[in-house]
file coords27.txt (compact mmCIF, N, CA and C atoms)
# COMPACT_ATOMS: atom_id res chain seq x y z
N MET W 1440 79.36 99.65 127.23
CA MET W 1440 80.66 99.14 127.63
C MET W 1440 81.60 100.32 127.83
N PRO W 1441 82.32 100.36 128.93
CA PRO W 1441 83.27 101.47 129.16
C PRO W 1441 84.34 101.53 128.07
N ILE W 1442 84.91 102.72 127.91
CA ILE W 1442 85.85 102.97 126.81
C ILE W 1442 87.05 102.03 126.85
N LEU W 1443 87.67 101.86 128.02
CA LEU W 1443 88.86 101.01 128.08
C LEU W 1443 88.55 99.56 127.72
N GLU W 1444 87.39 99.08 128.14
CA GLU W 1444 86.99 97.72 127.77
C GLU W 1444 86.78 97.61 126.26
N SER W 1445 86.15 98.62 125.67
CA SER W 1445 85.91 98.62 124.22
C SER W 1445 87.23 98.67 123.45
N LEU W 1446 88.18 99.49 123.93
CA LEU W 1446 89.50 99.53 123.30
C LEU W 1446 90.17 98.17 123.37
N ALA W 1447 90.09 97.52 124.54
CA ALA W 1447 90.71 96.21 124.72
C ALA W 1447 90.06 95.16 123.81
N VAL W 1448 88.73 95.20 123.71
CA VAL W 1448 88.03 94.26 122.83
C VAL W 1448 88.47 94.49 121.38
N GLY W 1449 88.54 95.74 120.96
CA GLY W 1449 88.99 96.05 119.61
C GLY W 1449 90.41 95.58 119.37
N TYR W 1450 91.26 95.79 120.36
CA TYR W 1450 92.66 95.35 120.24
C TYR W 1450 92.72 93.84 120.05
N LEU W 1451 91.93 93.12 120.83
CA LEU W 1451 91.90 91.65 120.70
C LEU W 1451 91.34 91.21 119.35
N ILE W 1452 90.34 91.93 118.86
CA ILE W 1452 89.79 91.62 117.52
C ILE W 1452 90.88 91.78 116.47
N GLY W 1453 91.64 92.86 116.57
CA GLY W 1453 92.73 93.08 115.62
C GLY W 1453 93.79 92.00 115.70
N LYS W 1454 94.17 91.65 116.91
CA LYS W 1454 95.17 90.59 117.09
C LYS W 1454 94.65 89.26 116.56
N ALA W 1455 93.38 88.97 116.81
CA ALA W 1455 92.78 87.71 116.34
C ALA W 1455 92.75 87.67 114.81
N SER W 1456 92.45 88.81 114.19
CA SER W 1456 92.38 88.83 112.73
C SER W 1456 93.76 88.59 112.12
N VAL W 1457 94.80 89.17 112.71
CA VAL W 1457 96.16 88.94 112.21
C VAL W 1457 96.54 87.48 112.42
N PHE W 1458 96.21 86.93 113.58
CA PHE W 1458 96.50 85.53 113.87
C PHE W 1458 95.81 84.62 112.86
N LEU W 1459 94.53 84.88 112.59
CA LEU W 1459 93.80 84.06 111.63
C LEU W 1459 94.38 84.19 110.22
N TYR W 1460 94.73 85.39 109.83
CA TYR W 1460 95.34 85.61 108.51
C TYR W 1460 96.62 84.78 108.40
N ASN W 1461 97.46 84.84 109.42
CA ASN W 1461 98.73 84.11 109.39
C ASN W 1461 98.53 82.60 109.49
N THR W 1462 97.45 82.16 110.12
CA THR W 1462 97.19 80.73 110.31
C THR W 1462 96.47 80.12 109.11
N LEU W 1463 95.51 80.83 108.56
CA LEU W 1463 94.68 80.27 107.49
C LEU W 1463 95.34 80.26 106.12
N PHE W 1464 96.30 81.16 105.92
CA PHE W 1464 96.94 81.26 104.62
C PHE W 1464 98.39 80.80 104.71
N THR W 1465 98.82 80.10 103.68
CA THR W 1465 100.21 79.67 103.61
C THR W 1465 101.08 80.89 103.30
N PRO W 1466 102.38 80.79 103.53
CA PRO W 1466 103.26 81.91 103.18
C PRO W 1466 103.16 82.29 101.69
N GLU W 1467 102.97 81.30 100.83
CA GLU W 1467 102.84 81.59 99.40
C GLU W 1467 101.55 82.35 99.12
N GLU W 1468 100.46 81.94 99.76
CA GLU W 1468 99.18 82.64 99.57
C GLU W 1468 99.26 84.06 100.11
N ARG W 1469 99.91 84.24 101.25
CA ARG W 1469 100.06 85.58 101.81
C ARG W 1469 100.88 86.47 100.87
N LYS W 1470 101.91 85.90 100.25
CA LYS W 1470 102.73 86.66 99.32
C LYS W 1470 101.91 87.08 98.10
N GLN W 1471 101.05 86.17 97.60
CA GLN W 1471 100.18 86.50 96.47
C GLN W 1471 99.23 87.64 96.84
N ILE W 1472 98.66 87.56 98.03
CA ILE W 1472 97.76 88.62 98.50
C ILE W 1472 98.50 89.94 98.60
N GLN W 1473 99.70 89.91 99.20
CA GLN W 1473 100.48 91.13 99.37
C GLN W 1473 100.85 91.75 98.02
N ASN W 1474 101.13 90.91 97.03
CA ASN W 1474 101.46 91.44 95.70
C ASN W 1474 100.25 92.09 95.03
N LYS W 1475 99.06 91.59 95.32
CA LYS W 1475 97.84 92.18 94.74
C LYS W 1475 97.41 93.43 95.49
N VAL W 1476 97.45 93.39 96.81
CA VAL W 1476 96.92 94.48 97.62
C VAL W 1476 97.90 95.63 97.75
N LYS W 1477 99.17 95.34 97.90
CA LYS W 1477 100.23 96.34 98.01
C LYS W 1477 99.98 97.34 99.13
N SER W 1478 99.53 96.84 100.26
CA SER W 1478 99.32 97.67 101.45
C SER W 1478 99.78 96.88 102.67
N HIS W 1479 100.23 97.61 103.65
CA HIS W 1479 100.59 97.00 104.93
C HIS W 1479 99.40 97.12 105.86
N HIS W 1480 99.30 96.20 106.83
CA HIS W 1480 98.17 96.36 107.74
C HIS W 1480 98.38 97.55 108.67
N PHE W 1481 99.57 98.13 108.68
CA PHE W 1481 99.80 99.41 109.35
C PHE W 1481 98.87 100.47 108.73
N GLU W 1482 98.80 100.47 107.40
CA GLU W 1482 97.95 101.43 106.70
C GLU W 1482 96.48 101.24 107.05
N TYR W 1483 96.05 99.97 107.08
CA TYR W 1483 94.67 99.69 107.47
C TYR W 1483 94.43 100.11 108.91
N GLY W 1484 95.44 99.96 109.73
CA GLY W 1484 95.33 100.37 111.13
C GLY W 1484 95.13 101.87 111.26
N VAL W 1485 95.85 102.64 110.46
CA VAL W 1485 95.70 104.10 110.49
C VAL W 1485 94.29 104.49 110.06
N VAL W 1486 93.82 103.85 108.99
CA VAL W 1486 92.47 104.15 108.49
C VAL W 1486 91.41 103.73 109.52
N ALA W 1487 91.57 102.54 110.09
CA ALA W 1487 90.60 102.07 111.09
C ALA W 1487 90.60 102.95 112.33
N THR W 1488 91.78 103.35 112.77
CA THR W 1488 91.87 104.23 113.94
C THR W 1488 91.20 105.56 113.67
N ALA W 1489 91.47 106.15 112.51
CA ALA W 1489 90.85 107.42 112.15
C ALA W 1489 89.34 107.27 112.05
N ALA W 1490 88.88 106.18 111.44
CA ALA W 1490 87.44 105.95 111.33
C ALA W 1490 86.81 105.77 112.71
N GLY W 1491 87.51 105.08 113.58
CA GLY W 1491 87.00 104.89 114.94
C GLY W 1491 86.90 106.20 115.71
N VAL W 1492 87.89 107.07 115.51
CA VAL W 1492 87.84 108.38 116.17
C VAL W 1492 86.67 109.20 115.62
N LEU W 1493 86.53 109.20 114.28
CA LEU W 1493 85.45 109.98 113.66
C LEU W 1493 84.07 109.48 114.05
N THR W 1494 83.93 108.16 114.18
CA THR W 1494 82.62 107.58 114.52
C THR W 1494 82.45 107.36 116.02
N LYS W 1495 83.48 107.76 116.77
CA LYS W 1495 83.46 107.61 118.24
C LYS W 1495 83.28 106.15 118.65
N SER W 1496 84.01 105.26 117.96
CA SER W 1496 83.95 103.83 118.24
C SER W 1496 85.28 103.36 118.83
N PRO W 1497 85.36 103.23 120.15
CA PRO W 1497 86.60 102.77 120.76
C PRO W 1497 87.01 101.38 120.31
N THR W 1498 86.06 100.53 119.97
CA THR W 1498 86.38 99.19 119.50
C THR W 1498 87.14 99.26 118.18
N THR W 1499 86.70 100.12 117.28
CA THR W 1499 87.38 100.29 116.00
C THR W 1499 88.75 100.91 116.21
N VAL W 1500 88.85 101.86 117.12
CA VAL W 1500 90.15 102.47 117.45
C VAL W 1500 91.10 101.39 117.96
N GLY W 1501 90.62 100.55 118.86
CA GLY W 1501 91.46 99.47 119.39
C GLY W 1501 91.92 98.51 118.32
N THR W 1502 91.03 98.16 117.40
CA THR W 1502 91.40 97.28 116.29
C THR W 1502 92.50 97.92 115.45
N GLY W 1503 92.29 99.18 115.10
CA GLY W 1503 93.30 99.89 114.31
C GLY W 1503 94.64 99.99 115.02
N LEU W 1504 94.60 100.29 116.31
CA LEU W 1504 95.85 100.38 117.07
C LEU W 1504 96.59 99.05 117.11
N SER W 1505 95.85 97.95 117.18
CA SER W 1505 96.51 96.64 117.20
C SER W 1505 97.21 96.36 115.87
N TRP W 1506 96.58 96.76 114.76
CA TRP W 1506 97.21 96.56 113.45
C TRP W 1506 98.44 97.44 113.30
N ILE W 1507 98.36 98.66 113.81
CA ILE W 1507 99.53 99.55 113.77
C ILE W 1507 100.66 98.95 114.59
N ALA W 1508 100.35 98.52 115.80
CA ALA W 1508 101.38 97.93 116.68
C ALA W 1508 101.97 96.67 116.07
N ASP W 1509 101.14 95.85 115.46
CA ASP W 1509 101.61 94.59 114.90
C ASP W 1509 102.55 94.80 113.71
N ASP W 1510 102.37 95.88 112.98
CA ASP W 1510 103.17 96.13 111.78
C ASP W 1510 104.15 97.29 111.99
N TRP W 1511 104.46 97.60 113.24
CA TRP W 1511 105.29 98.75 113.57
C TRP W 1511 106.65 98.69 112.87
N LYS W 1512 107.19 97.47 112.70
CA LYS W 1512 108.51 97.33 112.07
C LYS W 1512 108.51 97.85 110.64
N ASP W 1513 107.36 97.86 109.98
CA ASP W 1513 107.26 98.33 108.59
C ASP W 1513 106.69 99.75 108.49
N LYS W 1514 106.70 100.48 109.59
CA LYS W 1514 106.03 101.78 109.60
C LYS W 1514 106.58 102.76 108.58
N ASP W 1515 107.91 102.76 108.38
CA ASP W 1515 108.49 103.71 107.43
C ASP W 1515 108.03 103.44 106.00
N VAL W 1516 108.01 102.18 105.62
CA VAL W 1516 107.54 101.81 104.29
C VAL W 1516 106.04 102.11 104.15
N ALA W 1517 105.28 101.79 105.19
CA ALA W 1517 103.83 102.01 105.15
C ALA W 1517 103.50 103.50 105.06
N VAL W 1518 104.21 104.33 105.82
CA VAL W 1518 103.97 105.78 105.77
C VAL W 1518 104.32 106.31 104.38
N GLN W 1519 105.42 105.84 103.79
CA GLN W 1519 105.77 106.26 102.44
C GLN W 1519 104.71 105.82 101.44
N ASN W 1520 104.18 104.59 101.60
CA ASN W 1520 103.09 104.11 100.73
C ASN W 1520 101.87 105.03 100.83
N MET W 1521 101.51 105.41 102.06
CA MET W 1521 100.35 106.29 102.24
C MET W 1521 100.59 107.65 101.58
N LYS W 1522 101.79 108.20 101.74
CA LYS W 1522 102.12 109.47 101.10
C LYS W 1522 102.00 109.36 99.57
N ASN W 1523 102.54 108.27 99.03
CA ASN W 1523 102.48 108.07 97.58
C ASN W 1523 101.04 107.97 97.09
N LYS W 1524 100.20 107.27 97.84
CA LYS W 1524 98.79 107.11 97.45
C LYS W 1524 98.05 108.44 97.50
N VAL W 1525 98.30 109.23 98.55
CA VAL W 1525 97.65 110.54 98.67
C VAL W 1525 98.13 111.45 97.54
N ASN W 1526 99.44 111.47 97.28
CA ASN W 1526 99.96 112.32 96.20
C ASN W 1526 99.43 111.90 94.85
N SER W 1527 99.30 110.60 94.63
CA SER W 1527 98.75 110.10 93.37
C SER W 1527 97.30 110.55 93.21
N ALA W 1528 96.53 110.43 94.26
CA ALA W 1528 95.12 110.85 94.20
C ALA W 1528 95.02 112.35 93.95
N LEU W 1529 95.87 113.14 94.61
CA LEU W 1529 95.85 114.59 94.40
C LEU W 1529 96.25 114.94 92.97
N ASP W 1530 97.21 114.22 92.40
CA ASP W 1530 97.60 114.46 91.01
C ASP W 1530 96.45 114.18 90.06
N ILE W 1531 95.72 113.11 90.30
CA ILE W 1531 94.58 112.76 89.45
C ILE W 1531 93.51 113.85 89.52
N VAL W 1532 93.24 114.31 90.73
CA VAL W 1532 92.24 115.38 90.90
C VAL W 1532 92.70 116.65 90.20
N GLN W 1533 93.96 117.00 90.39
CA GLN W 1533 94.49 118.22 89.76
C GLN W 1533 94.41 118.13 88.24
N LYS W 1534 94.80 117.00 87.68
CA LYS W 1534 94.75 116.84 86.23
C LYS W 1534 93.32 116.88 85.71
N SER W 1535 92.40 116.30 86.47
CA SER W 1535 91.01 116.31 86.01
C SER W 1535 90.42 117.71 86.08
N LEU W 1536 90.86 118.52 87.03
CA LEU W 1536 90.39 119.90 87.13
C LEU W 1536 90.98 120.77 86.01
N GLN W 1537 92.19 120.45 85.59
CA GLN W 1537 92.85 121.22 84.54
C GLN W 1537 92.30 120.89 83.16
N ASN W 1538 91.79 119.70 83.00
CA ASN W 1538 91.28 119.26 81.70
C ASN W 1538 89.79 119.56 81.62
N SER W 1539 89.43 120.62 80.94
CA SER W 1539 88.02 121.02 80.88
C SER W 1539 87.18 120.07 80.05
N ASN W 1540 87.80 119.30 79.16
CA ASN W 1540 87.06 118.34 78.34
C ASN W 1540 86.80 117.03 79.08
N HIS W 1541 87.36 116.91 80.26
CA HIS W 1541 87.22 115.68 81.03
C HIS W 1541 85.77 115.53 81.51
N THR W 1542 85.20 114.38 81.24
CA THR W 1542 83.87 114.11 81.75
C THR W 1542 84.00 113.28 83.02
N SER W 1543 83.30 113.69 84.02
CA SER W 1543 83.38 113.03 85.31
C SER W 1543 82.25 112.03 85.47
N GLN W 1544 82.53 110.98 86.21
CA GLN W 1544 81.48 110.02 86.51
C GLN W 1544 80.61 110.51 87.66
N PHE W 1545 80.98 111.66 88.22
CA PHE W 1545 80.24 112.21 89.35
C PHE W 1545 79.38 113.38 88.88
N TYR W 1546 78.25 113.54 89.53
CA TYR W 1546 77.37 114.66 89.23
C TYR W 1546 78.01 115.96 89.70
N VAL W 1547 78.01 116.96 88.87
CA VAL W 1547 78.52 118.27 89.23
C VAL W 1547 77.37 119.25 89.13
N ASN W 1548 77.11 119.94 90.21
CA ASN W 1548 76.05 120.93 90.26
C ASN W 1548 76.44 122.09 89.36
N PRO W 1549 75.65 122.40 88.31
CA PRO W 1549 76.02 123.46 87.37
C PRO W 1549 76.07 124.85 88.03
N SER W 1550 75.36 125.03 89.12
CA SER W 1550 75.39 126.34 89.78
C SER W 1550 76.67 126.53 90.59
N PHE W 1551 77.42 125.47 90.77
CA PHE W 1551 78.69 125.55 91.48
C PHE W 1551 79.81 125.40 90.48
N SER W 1552 80.51 126.47 90.21
CA SER W 1552 81.63 126.41 89.26
C SER W 1552 82.83 127.08 89.87
N LEU W 1553 83.98 126.66 89.36
CA LEU W 1553 85.25 127.23 89.87
C LEU W 1553 85.62 128.46 89.15
call {"tool": "encode", "arguments": {"input": "coords27.txt", "output": "structure tokens"}}
result
Amino acid sequence: MPILESLAVGYLIGKASVFLYNTLFTPEERKQIQNKVKSHHFEYGVVATAAGVLTKSPTTVGTGLSWIADDWKDKDVAVQNMKNKVNSALDIVQKSLQNSNHTSQFYVNPSFSL
């Protein structure tokens, strides 16, 4: 499938998913989901678009772009959320590297040390 067609299909998939989410769930259910997830679909759009670029999937890029476009009004809040999440993850990594007594759930190659 040519790239523009794949982008369009992905865009329609994204629009359909937002439509289904808004149709299948009541406003109260959507609010409960939003309180648990604490993410905007703008954020999912950024991740999907990046994943689509990395995997060379225009359909995934189109889906991500549709989520970004659909949630554009909340972009400032969503970007701040992403910054906070990245900074939080970096803080956790930094603290775990500083604490030599910290045991990791991940395998660390003993021949590789800092």
call {"tool": "residues_around", "arguments": {"input": "coords27.txt", "residues": "stretch 1477-1494 of chain W", "least_positions_apart": "2", "cutoff": "5 Å", "atoms": "only N, CA and C atoms", "output": "PDB file with N, CA and C atoms, in the frame of the given file"}}
result
ATOM      1  N   GLN W1473      99.700  89.910  99.200  1.00  0.00           N
ATOM      2  CA  GLN W1473     100.480  91.130  99.370  1.00  0.00           C
ATOM      3  C   GLN W1473     100.850  91.750  98.020  1.00  0.00           C
ATOM      4  N   ASN W1474     101.130  90.910  97.030  1.00  0.00           N
ATOM      5  CA  ASN W1474     101.460  91.440  95.700  1.00  0.00           C
ATOM      6  C   ASN W1474     100.250  92.090  95.030  1.00  0.00           C
ATOM      7  N   LYS W1475      99.060  91.590  95.320  1.00  0.00           N
ATOM      8  CA  LYS W1475      97.840  92.180  94.740  1.00  0.00           C
ATOM      9  C   LYS W1475      97.410  93.430  95.490  1.00  0.00           C
ATOM     10  N   SER W1496      84.010 105.260 117.960  1.00  0.00           N
ATOM     11  CA  SER W1496      83.950 103.830 118.240  1.00  0.00           C
ATOM     12  C   SER W1496      85.280 103.360 118.830  1.00  0.00           C
ATOM     13  N   THR W1499      86.700 100.120 117.280  1.00  0.00           N
ATOM     14  CA  THR W1499      87.380 100.290 116.000  1.00  0.00           C
ATOM     15  C   THR W1499      88.750 100.910 116.210  1.00  0.00           C
ATOM     16  N   VAL W1500      88.850 101.860 117.120  1.00  0.00           N
ATOM     17  CA  VAL W1500      90.150 102.470 117.450  1.00  0.00           C
ATOM     18  C   VAL W1500      91.100 101.390 117.960  1.00  0.00           C
ATOM     19  N   GLY W1503      92.290  99.180 115.100  1.00  0.00           N
ATOM     20  CA  GLY W1503      93.300  99.890 114.310  1.00  0.00           C
ATOM     21  C   GLY W1503      94.640  99.990 115.020  1.00  0.00           C
ATOM     22  N   TRP W1506      96.580  96.760 114.760  1.00  0.00           N
ATOM     23  CA  TRP W1506      97.210  96.560 113.450  1.00  0.00           C
ATOM     24  C   TRP W1506      98.440  97.440 113.300  1.00  0.00           C
ATOM     25  N   ILE W1507      98.360  98.660 113.810  1.00  0.00           N
ATOM     26  CA  ILE W1507      99.530  99.550 113.770  1.00  0.00           C
ATOM     27  C   ILE W1507     100.660  98.950 114.590  1.00  0.00           C
TER      28      ILE W1507
END
call {"tool": "closest_residue", "arguments": {"input": "coords27.txt", "among": "W:Gln1537, W:Leu1504, W:Asp1513, W:Val1518", "to": "W:Lys1454", "atoms": "only N, CA and C atoms"}}
result
W:Leu1504
call {"tool": "select_by_dssp", "arguments": {"input": "coords27.txt", "residues": "chain W", "states": "alpha helix (DSSP H)", "output": "VMD selection string"}}
result
chain W and resid 1442 to 1463 1466 to 1476 1480 to 1494 1497 to 1509 1514 to 1537
call {"tool": "atom_distance", "arguments": {"input": "coords27.txt", "atom1": "atom CA of W:Arg1469", "atom2": "atom CA of W:Ala1455"}}
result
16.4 Å
call {"tool": "atom_distance", "arguments": {"input": "coords27.txt", "atom1": "atom C of W:Ser1456", "atom2": "atom N of W:Lys1514"}}
result
17.8 Å
